[in-house]
Every structure is written in structure tokens, then in C-alpha cells.
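Following: one structure in C-alpha cells, then a few remarks.
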Amino acid sequence: MTGSRHLIVKEKIIESAIKVFLKYGYSNASIRMIAEEAGVSKALIFWYFNSKDELIIEICKRALPIDVFETCLSKKLDGSSLLRCLANEYLNKYNNQLVRSILIHTLAVGDMYPEIHNKLDSLCNKMLKETAKHVFKSDSKESFIRMRMFFGSLLCCALRPPQEISKDEYVDTIIKVLYSET
């Protein structure tokens, strides 16, 4: 198989796994179910992923806003410009129902898979701290908490967008509130 063919097959497995995990949950879904959905053998899935947990970790990582952080940080923005970029990228990503649903499953994974929860928690905390340094020029606990507030507010907006406030007004207000006590 060529490199691009490998990527196509791997993506097909991941997309199928997402559908199966959403339907049956992480613990009730089997590799056999995923293989059937993807139209591949179980052995091929294990060629790409050493275990079901490794596949779950890959999906969980994709569900998190890691790509949002990377995109906005790569633009060398800081302060409110970085927050605006993060907000827009985040809300665009979670405008997709499938991505939003797998995020919710990922957030609930902690009780069933503590090792996955710990790995994802570590990854999120690292990204929040790095972003706080760029936004608030500090990696203090207060800056970290402000970033958590920011993303908590965005999550709320992504899950249940306010009907009476535009997305831009919502983002502007979050940024204003975050900077009101700095």
C-alpha cells in the first residue's frame, strides 16, 4: 500500500470507530463492530492500532480542541487576538454534530478508562498553560483558571448556542470579561 492509501484506510477505520463508539459507547463497542462498519478485517485495525484503547485515545485526541490550539498558536497571535482565533476555531470545529458528540463521549471517558483520562487531562492542561502564557503573559494559576473559564464558556456555547446573542457578540463579551480584572 502506498502512503496515501494507508492514510485513507486509517481514516476510514477512525471514522467508522467514531460512528460505532457513538452508537454503543466505548466499552460496549467491539473491534469486530468497527471492522464491519469500515469494511475491513479486525487484523487490519490491529495493524494500525495496537489495541482498542489506542484507537480510543486517537479518537479522544481528535475530539479535543488540540488542533484549535495548534492552529491559533502557529499564527503567533497573543492577547485578545489569540482568544478570538481560539474562539472562532473552537466554535467552528464543534459546529459539527458528530465532532460535538464524540467530544461529549470523550469528556465522560474518565470513569471507564482512567489511564486515558489521565493522558488526555495532561495534554489539555499542557495546552491551556501554554496558551495562558501567550494570552496573559503569565502561567500563573489565575491565568490557567481564566483559560479554563474561557473554554468552559465556549463549550457551553457550542453545546447550546444562545438564541438572543450572536456568536461574535458572545465571543467579544467573553474576551471583555476575561480582561476586565487583569
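Please note that chains go A, B, ... in the order of the C-alpha cells, that every chain numbers its residues from 1, and that ligands are numbered from 1 in the order shown.
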- Message: List the spatial neighbours of Thr106 of chain A as JSON, numbers by chain - criterion: any atom at most 12 Å away, only C-alpha atoms, same-chain residues fewer than 5 positions off excluded.
- Response: {"A": [18, 21, 22, 25, 26, 56, 57, 58, 59, 60, 61, 62, 63, 64, 65, 99, 100, 101, 111, 112, 113, 114, 116, 117, 119, 120, 121]}
Report as CSV: every residue of segment 67-130 of chain A with an atom at most 12 Å from segment 159-177 of chain A, its closest pair of atoms, and their distance in Å to one decimal, counting only C-alpha atoms, with rows sorted by chain and ascending residue number.
```
residue,atom,partner,partner_atom,distance
A:Gly79,CA,A:Ile175,CA,9.4
A:Ser80,CA,A:Ile175,CA,6.6
A:Ser81,CA,A:Ile175,CA,9.6
A:Leu82,CA,A:Ile175,CA,10.2
A:Leu83,CA,A:Ile175,CA,7.0
A:Arg84,CA,A:Val171,CA,6.9
A:Cys85,CA,A:Val171,CA,10.0
A:Leu86,CA,A:Val171,CA,9.9
A:Ala87,CA,A:Val171,CA,6.6
A:Asn88,CA,A:Val171,CA,8.1
A:Glu89,CA,A:Val171,CA,11.5
A:Tyr90,CA,A:Val171,CA,11.0
A:Leu91,CA,A:Lys167,CA,8.6
A:Asn92,CA,A:Lys167,CA,10.5
A:Lys93,CA,A:Leu159,CA,11.8
A:Tyr94,CA,A:Leu159,CA,8.1
A:Asn95,CA,A:Leu159,CA,8.7
A:Asn96,CA,A:Leu159,CA,10.6
A:Gln97,CA,A:Leu159,CA,9.4
A:Val99,CA,A:Leu159,CA,11.2
A:Arg100,CA,A:Leu159,CA,7.5
A:Ser101,CA,A:Leu159,CA,9.4
A:Leu103,CA,A:Leu159,CA,10.3
A:Ile104,CA,A:Leu159,CA,9.4
```
- Please identify all polymer residues within 12 Å of segment 139-143 of chain A, counting only C-alpha atoms, omitting same-chain residues fewer than 3 positions from it, and present them as number ranges by chain. A: 79, 125-136, 146-150, 178-179, 181-182
- Item | Residues of segment 12-102 of chain A in alpha helix (DSSP H), written as a ChimeraX atom specification | /A:12-28,31-38,42-48,52-63,66-74,79-93,97-102
- Message: To one decimal place in Å, what is the distance between atom CA of Ile34 of chain A and atom CA of Val20 of chain A?
- Response: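 Between atom CA of Ile34 of chain A and atom CA of Val20 of chain A the gap works out to 6.2 Å.
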